[in-house]
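Novice: What follows is run.cif, made up of mmCIF, C-alpha atoms:
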```
data_final
loop_
_atom_site.group_PDB
_atom_site.id
_atom_site.type_symbol
_atom_site.label_atom_id
_atom_site.label_comp_id
_atom_site.auth_asym_id
_atom_site.auth_seq_id
_atom_site.Cartn_x
_atom_site.Cartn_y
_atom_site.Cartn_z
ATOM 1 C CA MET A 1 127.050 143.194 168.653
ATOM 2 C CA LYS A 2 128.652 143.130 172.097
ATOM 3 C CA ARG A 3 127.765 139.752 173.641
ATOM 4 C CA ILE A 4 127.430 137.086 170.938
ATOM 5 C CA MET A 5 126.139 133.517 171.269
ATOM 6 C CA ILE A 6 126.834 131.132 168.371
ATOM 7 C CA THR A 7 125.096 127.799 167.779
ATOM 8 C CA GLY A 8 126.778 125.141 165.646
ATOM 9 C CA ALA A 9 130.095 126.773 166.478
ATOM 10 C CA LEU A 10 132.176 123.713 165.556
ATOM 11 C CA GLY A 11 130.892 123.602 161.967
ATOM 12 C CA GLN A 12 132.503 124.966 158.828
ATOM 13 C CA ILE A 13 131.427 128.571 159.351
ATOM 14 C CA GLY A 14 131.258 128.593 163.130
ATOM 15 C CA SER A 15 134.758 127.331 163.812
ATOM 16 C CA GLU A 16 136.255 130.254 161.907
ATOM 17 C CA LEU A 17 133.647 132.859 162.783
ATOM 18 C CA THR A 18 134.000 132.243 166.528
ATOM 19 C CA LEU A 19 137.728 132.948 166.543
ATOM 20 C CA HIS A 20 137.318 135.950 164.242
ATOM 21 C CA LEU A 21 134.605 137.485 166.440
ATOM 22 C CA ARG A 22 136.696 136.902 169.569
ATOM 23 C CA ASP A 23 139.529 138.843 167.967
ATOM 24 C CA LEU A 24 137.144 141.700 167.157
ATOM 25 C CA TYR A 25 134.887 141.850 170.224
ATOM 26 C CA GLY A 26 136.966 140.182 172.948
ATOM 27 C CA THR A 27 137.277 136.506 173.805
ATOM 28 C CA GLU A 28 134.990 136.716 176.829
ATOM 29 C CA ASN A 29 132.205 138.269 174.737
ATOM 30 C CA VAL A 30 131.712 135.364 172.281
ATOM 31 C CA LEU A 31 130.072 132.170 173.529
ATOM 32 C CA ALA A 32 130.492 129.127 171.292
ATOM 33 C CA THR A 33 127.918 126.336 171.603
ATOM 34 C CA ASP A 34 127.548 122.979 169.896
ATOM 35 C CA ILE A 35 126.007 119.578 170.551
ATOM 36 C CA LYS A 36 129.502 118.123 170.961
ATOM 37 C CA SER A 37 132.919 119.265 172.127
ATOM 38 C CA ASP A 38 136.479 118.836 170.886
ATOM 39 C CA GLU A 39 139.969 120.138 171.640
ATOM 40 C CA SER A 40 139.963 122.980 169.102
ATOM 41 C CA LYS A 41 140.568 126.629 169.920
ATOM 42 C CA THR A 42 136.829 127.207 169.574
ATOM 43 C CA THR A 43 136.233 125.236 172.762
ATOM 44 C CA THR A 44 139.499 125.789 174.651
ATOM 45 C CA ASP A 45 140.349 129.456 174.028
ATOM 46 C CA GLY A 46 137.096 131.047 175.153
ATOM 47 C CA PRO A 47 133.605 130.474 176.558
ATOM 48 C CA PHE A 48 132.050 127.215 175.357
ATOM 49 C CA GLN A 49 128.819 125.412 176.246
ATOM 50 C CA ILE A 50 127.377 122.083 175.139
ATOM 51 C CA LEU A 51 123.925 122.878 173.697
ATOM 52 C CA ASP A 52 121.349 120.894 171.747
ATOM 53 C CA VAL A 53 119.445 123.420 169.632
ATOM 54 C CA LEU A 54 116.328 121.243 169.885
ATOM 55 C CA ASP A 55 116.246 122.054 173.619
ATOM 56 C CA GLY A 56 114.646 125.491 173.459
ATOM 57 C CA LYS A 57 114.335 125.951 177.222
ATOM 58 C CA THR A 58 118.043 125.387 177.784
ATOM 59 C CA MET A 59 118.922 127.642 174.863
ATOM 60 C CA VAL A 60 117.055 130.535 176.465
ATOM 61 C CA GLU A 61 118.700 129.807 179.833
ATOM 62 C CA VAL A 62 122.193 129.704 178.318
ATOM 63 C CA GLY A 63 121.610 132.918 176.363
ATOM 64 C CA ARG A 64 120.185 134.714 179.390
ATOM 65 C CA LYS A 65 123.025 133.603 181.667
ATOM 66 C CA PHE A 66 125.565 134.813 179.089
ATOM 67 C CA ARG A 67 123.629 138.080 178.649
ATOM 68 C CA ALA A 68 123.678 137.637 174.870
ATOM 69 C CA ASP A 69 122.624 140.626 172.777
ATOM 70 C CA SER A 70 123.274 138.825 169.474
ATOM 71 C CA ILE A 71 122.541 135.249 168.397
ATOM 72 C CA ILE A 72 124.176 133.696 165.344
ATOM 73 C CA HIS A 73 122.385 130.450 164.556
ATOM 74 C CA LEU A 74 124.508 128.112 162.422
ATOM 75 C CA ALA A 75 123.460 124.626 163.571
ATOM 76 C CA ALA A 76 122.007 122.731 160.576
ATOM 77 C CA LEU A 77 122.309 119.748 158.267
ATOM 78 C CA LEU A 78 123.670 120.664 154.829
ATOM 79 C CA SER A 79 122.197 119.790 151.445
ATOM 80 C CA ALA A 80 123.431 116.294 150.567
ATOM 81 C CA THR A 81 123.377 115.107 154.188
ATOM 82 C CA ALA A 82 119.850 116.440 154.619
ATOM 83 C CA GLU A 83 118.671 114.635 151.498
ATOM 84 C CA ASN A 84 119.843 111.342 152.981
ATOM 85 C CA ASN A 85 117.781 111.935 156.145
ATOM 86 C CA PRO A 86 115.030 114.431 155.257
ATOM 87 C CA VAL A 87 112.791 113.950 158.313
ATOM 88 C CA PHE A 88 115.667 114.499 160.723
ATOM 89 C CA ALA A 89 116.809 117.460 158.600
ATOM 90 C CA TRP A 90 113.379 119.082 158.906
ATOM 91 C CA ASN A 91 113.273 118.533 162.663
ATOM 92 C CA LEU A 92 116.789 119.841 163.244
ATOM 93 C CA ASN A 93 116.871 122.688 160.735
ATOM 94 C CA MET A 94 113.413 124.047 161.470
ATOM 95 C CA GLY A 95 113.120 123.098 165.148
ATOM 96 C CA GLY A 96 116.532 124.544 165.927
ATOM 97 C CA LEU A 97 115.763 127.738 164.011
ATOM 98 C CA LEU A 98 112.449 128.208 165.813
ATOM 99 C CA ASN A 99 114.130 127.767 169.207
ATOM 100 C CA ALA A 100 116.865 130.226 168.270
ATOM 101 C CA LEU A 101 114.319 132.821 167.122
ATOM 102 C CA GLU A 102 112.339 132.345 170.324
ATOM 103 C CA THR A 103 115.538 132.855 172.301
ATOM 104 C CA ALA A 104 116.267 136.078 170.415
ATOM 105 C CA LYS A 105 112.716 137.237 171.071
ATOM 106 C CA GLU A 106 112.959 136.467 174.798
ATOM 107 C CA LEU A 107 116.322 138.208 175.159
ATOM 108 C CA GLY A 108 115.632 141.126 172.815
ATOM 109 C CA ALA A 109 118.726 140.043 170.866
ATOM 110 C CA GLN A 110 119.795 140.706 167.309
ATOM 111 C CA PHE A 111 119.607 137.552 165.188
ATOM 112 C CA PHE A 112 121.461 136.063 162.228
ATOM 113 C CA ALA A 113 120.786 132.805 160.382
ATOM 114 C CA PRO A 114 122.285 131.864 157.023
ATOM 115 C CA SER A 115 120.191 130.920 154.046
ATOM 116 C CA SER A 116 121.638 129.440 150.863
ATOM 117 C CA ILE A 117 121.490 129.309 147.097
ATOM 118 C CA GLY A 118 119.761 126.012 147.901
ATOM 119 C CA ALA A 119 116.641 128.101 148.557
ATOM 120 C CA PHE A 120 116.268 128.370 144.779
ATOM 121 C CA GLY A 121 114.970 125.637 142.493
ATOM 122 C CA PRO A 122 114.752 124.529 138.852
ATOM 123 C CA SER A 123 112.134 127.164 137.993
ATOM 124 C CA THR A 124 114.280 130.014 139.343
ATOM 125 C CA PRO A 125 116.078 132.076 136.646
ATOM 126 C CA LYS A 126 119.514 130.479 136.245
ATOM 127 C CA GLU A 127 121.519 133.532 135.158
ATOM 128 C CA GLY A 128 121.605 136.752 137.171
ATOM 129 C CA THR A 129 119.200 135.266 139.698
ATOM 130 C CA PRO A 130 117.407 138.277 141.251
ATOM 131 C CA GLN A 131 117.171 139.041 144.949
ATOM 132 C CA ASP A 132 113.397 138.651 144.750
ATOM 133 C CA THR A 133 112.350 135.769 142.511
ATOM 134 C CA ILE A 134 110.490 132.473 142.472
ATOM 135 C CA GLN A 135 111.736 129.976 145.070
ATOM 136 C CA ARG A 136 110.520 126.409 144.556
ATOM 137 C CA PRO A 137 113.416 124.169 145.691
ATOM 138 C CA THR A 138 113.294 120.415 145.174
ATOM 139 C CA THR A 139 115.447 119.380 148.174
ATOM 140 C CA MET A 140 114.589 119.176 151.865
ATOM 141 C CA TYR A 141 117.503 121.509 152.594
ATOM 142 C CA GLY A 142 116.108 124.049 150.147
ATOM 143 C CA VAL A 143 112.617 123.756 151.604
ATOM 144 C CA ASN A 144 114.106 124.343 155.049
ATOM 145 C CA LYS A 145 115.928 127.445 153.833
ATOM 146 C CA VAL A 146 112.870 129.002 152.185
ATOM 147 C CA ALA A 147 110.776 128.297 155.271
ATOM 148 C CA GLY A 148 113.567 129.715 157.422
ATOM 149 C CA GLU A 149 113.704 132.940 155.421
ATOM 150 C CA LEU A 150 109.951 133.369 155.848
ATOM 151 C CA LEU A 151 110.069 132.489 159.532
ATOM 152 C CA ALA A 152 112.799 135.053 160.201
ATOM 153 C CA ASP A 153 110.749 137.674 158.335
ATOM 154 C CA TYR A 154 107.739 136.704 160.442
ATOM 155 C CA TYR A 155 109.642 137.230 163.710
ATOM 156 C CA PHE A 156 110.759 140.641 162.497
ATOM 157 C CA HIS A 157 107.290 141.802 161.473
ATOM 158 C CA ARG A 158 105.360 140.083 164.280
ATOM 159 C CA TYR A 159 107.704 140.521 167.235
ATOM 160 C CA GLY A 160 110.239 143.139 166.152
ATOM 161 C CA VAL A 161 113.211 140.760 166.335
ATOM 162 C CA ASP A 162 116.134 142.282 164.428
ATOM 163 C CA THR A 163 116.619 139.321 162.076
ATOM 164 C CA ARG A 164 119.210 139.332 159.306
ATOM 165 C CA GLY A 165 120.595 136.741 156.902
ATOM 166 C CA LEU A 166 122.589 135.943 153.778
ATOM 167 C CA ARG A 167 121.969 133.461 150.989
ATOM 168 C CA PHE A 168 125.413 131.922 150.995
ATOM 169 C CA PRO A 169 126.874 130.258 147.910
ATOM 170 C CA GLY A 170 129.362 127.415 148.294
ATOM 171 C CA LEU A 171 131.907 128.418 150.939
ATOM 172 C CA ILE A 172 135.549 127.463 150.475
ATOM 173 C CA SER A 173 137.879 127.202 153.479
ATOM 174 C CA TYR A 174 141.238 125.709 154.421
ATOM 175 C CA GLN A 175 140.375 125.554 158.125
ATOM 176 C CA THR A 176 137.648 122.914 158.281
ATOM 177 C CA PRO A 177 136.995 119.806 156.167
ATOM 178 C CA PRO A 178 133.900 119.478 153.946
ATOM 179 C CA GLY A 179 130.619 119.049 155.811
ATOM 180 C CA GLY A 180 128.178 117.337 153.468
ATOM 181 C CA GLY A 181 127.246 120.110 151.064
ATOM 182 C CA THR A 182 126.785 119.819 147.316
ATOM 183 C CA THR A 183 129.363 122.558 146.698
ATOM 184 C CA ASP A 184 131.975 120.857 148.893
ATOM 185 C CA TYR A 185 133.800 119.548 145.828
ATOM 186 C CA ALA A 186 135.331 123.020 145.685
ATOM 187 C CA VAL A 187 136.917 122.398 149.084
ATOM 188 C CA GLU A 188 137.852 118.751 148.536
ATOM 189 C CA ILE A 189 139.634 119.554 145.279
ATOM 190 C CA TYR A 190 142.258 121.665 147.054
ATOM 191 C CA TYR A 191 142.946 118.998 149.685
ATOM 192 C CA GLU A 192 143.365 116.332 147.008
ATOM 193 C CA ALA A 193 145.461 118.604 144.800
ATOM 194 C CA ILE A 194 148.005 119.071 147.558
ATOM 195 C CA LYS A 195 147.978 115.492 148.849
ATOM 196 C CA HIS A 196 147.669 113.514 145.601
ATOM 197 C CA ARG A 197 147.880 115.984 142.666
ATOM 198 C CA THR A 198 144.593 114.611 141.309
ATOM 199 C CA TYR A 199 140.888 114.864 142.086
ATOM 200 C CA THR A 200 137.806 112.964 140.995
ATOM 201 C CA SER A 201 134.848 115.349 140.900
ATOM 202 C CA TYR A 202 131.357 114.169 141.765
ATOM 203 C CA ILE A 203 129.988 117.260 139.957
ATOM 204 C CA ALA A 204 130.005 117.188 136.164
ATOM 205 C CA LYS A 205 132.171 119.377 133.982
ATOM 206 C CA GLY A 206 130.350 122.537 132.925
ATOM 207 C CA THR A 207 128.203 122.739 136.087
ATOM 208 C CA TYR A 208 128.400 126.343 137.254
ATOM 209 C CA LEU A 209 127.731 127.287 140.884
ATOM 210 C CA ASP A 210 128.323 130.405 142.944
ATOM 211 C CA MET A 211 131.217 130.300 145.422
ATOM 212 C CA MET A 212 132.865 132.512 148.022
ATOM 213 C CA TYR A 213 136.075 132.319 150.051
ATOM 214 C CA MET A 214 135.463 132.064 153.782
ATOM 215 C CA PRO A 215 137.214 135.341 154.733
ATOM 216 C CA ASP A 216 134.771 137.218 152.493
ATOM 217 C CA ALA A 217 131.828 135.327 154.007
ATOM 218 C CA LEU A 218 132.859 136.229 157.567
ATOM 219 C CA GLU A 219 133.308 139.882 156.692
ATOM 220 C CA ALA A 220 129.911 139.932 154.958
ATOM 221 C CA MET A 221 128.197 138.563 158.069
ATOM 222 C CA ILE A 222 129.804 141.124 160.342
ATOM 223 C CA LEU A 223 129.165 144.026 157.969
ATOM 224 C CA LEU A 224 125.499 143.114 157.653
ATOM 225 C CA MET A 225 125.068 142.706 161.419
ATOM 226 C CA GLU A 226 126.743 146.066 162.101
ATOM 227 C CA THR A 227 124.738 147.964 159.464
ATOM 228 C CA ASP A 228 122.035 150.362 160.630
ATOM 229 C CA GLY A 229 118.804 148.398 160.229
ATOM 230 C CA GLY A 230 117.045 151.490 158.929
ATOM 231 C CA LYS A 231 119.096 151.223 155.731
ATOM 232 C CA LEU A 232 117.882 147.710 154.932
ATOM 233 C CA LYS A 233 115.061 147.347 152.437
ATOM 234 C CA HIS A 234 115.486 143.587 152.612
ATOM 235 C CA ARG A 235 115.673 142.196 156.113
ATOM 236 C CA ASN A 236 116.815 138.628 155.441
ATOM 237 C CA ALA A 237 118.411 136.372 152.865
ATOM 238 C CA PHE A 238 120.543 138.769 150.816
ATOM 239 C CA ASN A 239 122.078 137.200 147.720
ATOM 240 C CA VAL A 240 125.888 137.197 148.076
ATOM 241 C CA THR A 241 128.524 135.723 145.790
ATOM 242 C CA ALA A 242 132.129 136.281 144.741
ATOM 243 C CA MET A 243 132.468 134.001 141.714
ATOM 244 C CA SER A 244 130.572 131.547 139.531
ATOM 245 C CA VAL A 245 132.714 128.539 138.631
ATOM 246 C CA ALA A 246 132.554 125.008 137.252
ATOM 247 C CA PRO A 247 134.907 122.212 138.391
ATOM 248 C CA GLU A 248 137.194 122.682 135.398
ATOM 249 C CA ASP A 249 137.597 126.377 136.278
ATOM 250 C CA VAL A 250 138.803 125.480 139.772
ATOM 251 C CA ALA A 251 141.107 122.840 138.289
ATOM 252 C CA SER A 252 142.568 125.369 135.844
ATOM 253 C CA ALA A 253 143.260 127.834 138.674
ATOM 254 C CA ILE A 254 144.994 125.090 140.656
ATOM 255 C CA GLN A 255 147.109 124.111 137.640
ATOM 256 C CA LYS A 256 148.533 127.639 137.567
ATOM 257 C CA GLU A 257 150.045 126.862 140.981
ATOM 258 C CA LEU A 258 150.474 123.068 140.635
ATOM 259 C CA PRO A 259 151.020 122.320 136.929
ATOM 260 C CA ASP A 260 150.938 118.521 137.383
ATOM 261 C CA PHE A 261 147.432 118.526 138.893
ATOM 262 C CA THR A 262 144.757 116.550 137.013
ATOM 263 C CA ILE A 263 140.986 116.243 137.354
ATOM 264 C CA LYS A 264 138.651 113.343 136.532
ATOM 265 C CA TYR A 265 134.884 112.982 136.788
ATOM 266 C CA GLU A 266 132.660 110.350 138.421
ATOM 267 C CA VAL A 267 129.329 112.093 138.768
ATOM 268 C CA ASP A 268 127.192 111.454 141.853
ATOM 269 C CA PRO A 269 123.620 111.523 140.471
ATOM 270 C CA MET A 270 122.037 112.896 143.655
ATOM 271 C CA ARG A 271 124.460 115.763 144.150
ATOM 272 C CA GLN A 272 124.504 116.515 140.419
ATOM 273 C CA GLN A 273 120.718 116.754 140.417
ATOM 274 C CA ILE A 274 120.862 119.116 143.375
ATOM 275 C CA ALA A 275 123.510 121.264 141.680
ATOM 276 C CA GLU A 276 121.516 121.480 138.462
ATOM 277 C CA SER A 277 118.478 122.731 140.400
ATOM 278 C CA TRP A 278 120.454 125.747 141.655
ATOM 279 C CA PRO A 279 121.350 128.959 139.780
ATOM 280 C CA ASN A 280 124.456 129.295 137.636
ATOM 281 C CA GLN A 281 125.066 132.833 138.860
ATOM 282 C CA ILE A 282 123.124 135.007 141.294
ATOM 283 C CA ASP A 283 122.792 138.793 141.416
ATOM 284 C CA ALA A 284 124.153 140.396 144.603
ATOM 285 C CA THR A 285 123.167 143.981 143.718
ATOM 286 C CA ALA A 286 120.821 144.413 146.702
ATOM 287 C CA ALA A 287 123.581 143.475 149.175
ATOM 288 C CA LYS A 288 126.007 145.874 147.504
ATOM 289 C CA GLU A 289 123.542 148.760 147.470
ATOM 290 C CA GLU A 290 121.964 148.325 150.911
ATOM 291 C CA TRP A 291 124.988 147.570 153.097
ATOM 292 C CA GLY A 292 128.115 147.730 150.942
ATOM 293 C CA PHE A 293 128.870 144.079 150.250
ATOM 294 C CA ASN A 294 132.207 143.897 148.397
ATOM 295 C CA PRO A 295 134.086 140.567 148.267
ATOM 296 C CA LYS A 296 137.863 140.789 147.926
ATOM 297 C CA PHE A 297 138.863 137.340 146.596
ATOM 298 C CA ASN A 298 138.416 136.112 143.028
ATOM 299 C CA LEU A 299 139.145 132.517 141.963
ATOM 300 C CA ASP A 300 142.875 132.963 141.298
ATOM 301 C CA GLU A 301 143.495 134.969 144.484
ATOM 302 C CA MET A 302 141.573 132.447 146.554
ATOM 303 C CA THR A 303 143.427 129.523 144.962
ATOM 304 C CA LYS A 304 146.847 130.983 145.727
ATOM 305 C CA ASP A 305 145.852 131.536 149.343
ATOM 306 C CA MET A 306 144.199 128.103 149.699
ATOM 307 C CA ILE A 307 147.218 126.256 148.349
ATOM 308 C CA MET A 308 149.637 128.193 150.526
ATOM 309 C CA LYS A 309 147.565 127.749 153.719
ATOM 310 C CA LEU A 310 146.652 124.109 153.065
ATOM 311 C CA SER A 311 150.230 123.202 152.174
ATOM 312 C CA ASN A 312 151.383 124.550 155.525
ATOM 313 C CA LYS A 313 148.602 122.581 157.217
ATOM 314 C CA LEU A 314 148.917 119.240 155.400
ATOM 315 C CA LEU A 315 152.597 118.906 154.496
#
```
Just give me the structure as structure tokens.
Specialist:
Amino acid sequence: MKRIMITGALGQIGSELTLHLRDLYGTENVLATDIKSDESKTTTDGPFQILDVLDGKTMVEVGRKFRADSIIHLAALLSATAENNPVFAWNLNMGGLLNALETAKELGAQFFAPSSIGAFGPSTPKEGTPQDTIQRPTTMYGVNKVAGELLADYYFHRYGVDTRGLRFPGLISYQTPPGGGTTDYAVEIYYEAIKHRTYTSYIAKGTYLDMMYMPDALEAMILLMETDGGKLKHRNAFNVTAMSVAPEDVASAIQKELPDFTIKYEVDPMRQQIAESWPNQIDATAAKEEWGFNPKFNLDEMTKDMIMKLSNKLL
């Protein structure tokens, strides 16, 4: 990667990835795009362009003008938000992805798009979920992700586009607020722990989901994109995870740092149903063997860092 264009750059991943890539590759070599603007460093400290990912013609023009050799496509609706507006989710998630792939094809650019544990469904093995397994999701978001994995594979085999991707678990970050995902309780809980010393979880006790701290997610993306493609047996949608946790596990880790923290439960039926359709713990062996995936943060290490960083931010 030398000249990188990012869509959805103001989202949870993009806002941190943009700044990280600018540090690594040079500010002038990372173009952030989004459908809106703000006053964050993402828009003010480097190249930024308003871009609607449903406008494929403009996307190609912007990428060509920037001379992009890599496209990181992050613009999407997340799981719970998508379930509330499934037709719009299909149009945005799939239409935007198709336009981004077409742009990569036209420019001869390397391409990255994230998939998700949402690509799995109730019939997928729940424990040690394999890299290659049955994928029959029951959410629009999950359907989008499975279709997106297949579409990226198609562009690699049909057109030779260097497509790559990760099946992200829940991502936990102190930089950006939750964005409508089912796993976002694991972000909200830290905010509420610091501000109010209590949290009411919309996910039931005992519901295990894979999670990863954002620094590990960013490093995984970069490592995969920089890996020699000849070493990859799987082109897209590598399983990645750092920990499998339930809400009470996160609460217990927080209580080690904030002993007066308490957790309660008021389960949201829709998000609980989504969570129960996903694996308890996925197997990331393929990512480790093919390109050296190796997350650094476990739950306790992440919690210490989250509380320190969020306390500085909120207090």
Novice: In Å to one decimal, how far is atom CA of A:Asp249 from atom CA of A:Gln175?
Specialist: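 Those two atoms sit 22.0 Å apart.
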Novice: So that I can check the surroundings of A:Ala100, please list as an MDAnalysis selection string every protein, DNA and RNA residue that reaches within 8 Å of it, counting all atoms listed in the file and ignoring chain neighbours fewer than 6 positions away.
Specialist: chainID A and resid 53 56 59 71 73
Novice: Write the residues of the selection above to a file with C-alpha atoms, as a JSON list (two decimals), in the frame of the given file.
Specialist:
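Saved the output as part_25.json:
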```json
[["chain", "number", "residue", "atom", "x", "y", "z"],
["A", 53, "VAL", "CA", 119.44, 123.42, 169.63],
["A", 56, "GLY", "CA", 114.65, 125.49, 173.46],
["A", 59, "MET", "CA", 118.92, 127.64, 174.86],
["A", 71, "ILE", "CA", 122.54, 135.25, 168.40],
["A", 73, "HIS", "CA", 122.38, 130.45, 164.56]]
```
Novice: Can you measure atom CA of A:Tyr155 to atom CA of A:Phe238 for me? One decimal in Å is fine.
Specialist: 17.0 Å
Novice: Take the PyMOL selection byres ((chain A and resi 258) around 9), apply it to the structure above, and return the hits as a list in words.
Specialist: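 Selected by the PyMOL selection byres ((chain A and resi 258) around 9) here: Ala193, Ile194, Arg197, Ala253, Ile254, Gln255, Lys256, Glu257, Pro259, Asp260, Phe261 and Ile307 of chain A.
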Novice: List the residues matched by the PyMOL selection byres ((chain A and resi 311) around 10) in the displayed structure as JSON, numbers by chain, ordered by chain and then by residue number.
Specialist: {"A": [174, 190, 191, 193, 194, 195, 305, 306, 307, 308, 309, 310, 312, 313, 314, 315]}
Novice: So that I have them on file, write out the residues from the current selection with C-alpha atoms, as a PDB file, in the frame of the given file.
Specialist:
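What follows is the written file out_28.pdb:
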```pdb
ATOM      1  CA  TYR A 174     141.238 125.709 154.421  1.00  0.00           C
ATOM      2  CA  TYR A 190     142.258 121.665 147.054  1.00  0.00           C
ATOM      3  CA  TYR A 191     142.946 118.998 149.685  1.00  0.00           C
ATOM      4  CA  ALA A 193     145.461 118.604 144.800  1.00  0.00           C
ATOM      5  CA  ILE A 194     148.005 119.071 147.558  1.00  0.00           C
ATOM      6  CA  LYS A 195     147.978 115.492 148.849  1.00  0.00           C
ATOM      7  CA  ASP A 305     145.852 131.536 149.343  1.00  0.00           C
ATOM      8  CA  MET A 306     144.199 128.103 149.699  1.00  0.00           C
ATOM      9  CA  ILE A 307     147.218 126.256 148.349  1.00  0.00           C
ATOM     10  CA  MET A 308     149.637 128.193 150.526  1.00  0.00           C
ATOM     11  CA  LYS A 309     147.565 127.749 153.719  1.00  0.00           C
ATOM     12  CA  LEU A 310     146.652 124.109 153.065  1.00  0.00           C
ATOM     13  CA  ASN A 312     151.383 124.550 155.525  1.00  0.00           C
ATOM     14  CA  LYS A 313     148.602 122.581 157.217  1.00  0.00           C
ATOM     15  CA  LEU A 314     148.917 119.240 155.400  1.00  0.00           C
ATOM     16  CA  LEU A 315     152.597 118.906 154.496  1.00  0.00           C
TER      17      LEU A 315
END
```
Novice: Would you mind completing stretch 199-219 of chain A to N, CA and C atoms and writing the output as a compact mmCIF listing (two decimals), keeping the file's coordinate frame?
Specialist:
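Output contents, as saved in part-v1.txt:
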```
# COMPACT_ATOMS: atom_id res chain seq x y z
N TYR A 199 142.18 114.85 141.42
CA TYR A 199 140.89 114.86 142.09
C TYR A 199 139.84 114.30 141.16
N THR A 200 138.94 113.49 141.73
CA THR A 200 137.81 112.96 141.00
C THR A 200 136.55 113.70 141.44
N SER A 201 135.98 114.50 140.56
CA SER A 201 134.85 115.35 140.90
C SER A 201 133.54 114.59 140.80
N TYR A 202 132.70 114.75 141.82
CA TYR A 202 131.36 114.17 141.76
C TYR A 202 130.36 115.10 141.09
N ILE A 203 130.79 116.31 140.72
CA ILE A 203 129.99 117.26 139.96
C ILE A 203 130.51 117.30 138.53
N ALA A 204 129.62 117.29 137.56
CA ALA A 204 130.00 117.19 136.16
C ALA A 204 130.69 118.46 135.65
N LYS A 205 131.55 118.26 134.68
CA LYS A 205 132.17 119.38 133.98
C LYS A 205 131.09 120.28 133.40
N GLY A 206 131.31 121.59 133.47
CA GLY A 206 130.35 122.54 132.93
C GLY A 206 129.22 122.91 133.86
N THR A 207 129.25 122.42 135.11
CA THR A 207 128.20 122.74 136.09
C THR A 207 128.64 123.96 136.89
N TYR A 208 128.02 125.09 136.61
CA TYR A 208 128.40 126.34 137.25
C TYR A 208 127.61 126.57 138.54
N LEU A 209 128.34 126.97 139.59
CA LEU A 209 127.73 127.29 140.88
C LEU A 209 128.45 128.49 141.49
N ASP A 210 127.72 129.27 142.26
CA ASP A 210 128.32 130.40 142.94
C ASP A 210 129.17 129.93 144.11
N MET A 211 130.29 130.63 144.35
CA MET A 211 131.22 130.30 145.42
C MET A 211 131.71 131.58 146.10
N MET A 212 132.26 131.40 147.30
CA MET A 212 132.86 132.51 148.02
C MET A 212 133.93 131.97 148.97
N TYR A 213 135.02 132.69 149.11
CA TYR A 213 136.07 132.32 150.05
C TYR A 213 135.63 132.71 151.46
N MET A 214 135.96 131.87 152.43
CA MET A 214 135.46 132.06 153.78
C MET A 214 135.78 133.44 154.38
N PRO A 215 136.97 134.00 154.18
CA PRO A 215 137.21 135.34 154.73
C PRO A 215 136.20 136.37 154.26
N ASP A 216 135.79 136.30 153.00
CA ASP A 216 134.77 137.22 152.49
C ASP A 216 133.41 136.94 153.14
N ALA A 217 133.10 135.68 153.38
CA ALA A 217 131.83 135.33 154.01
C ALA A 217 131.76 135.86 155.43
N LEU A 218 132.84 135.73 156.18
CA LEU A 218 132.86 136.23 157.57
C LEU A 218 132.70 137.74 157.61
N GLU A 219 133.41 138.42 156.72
CA GLU A 219 133.31 139.88 156.69
C GLU A 219 131.91 140.32 156.28
```
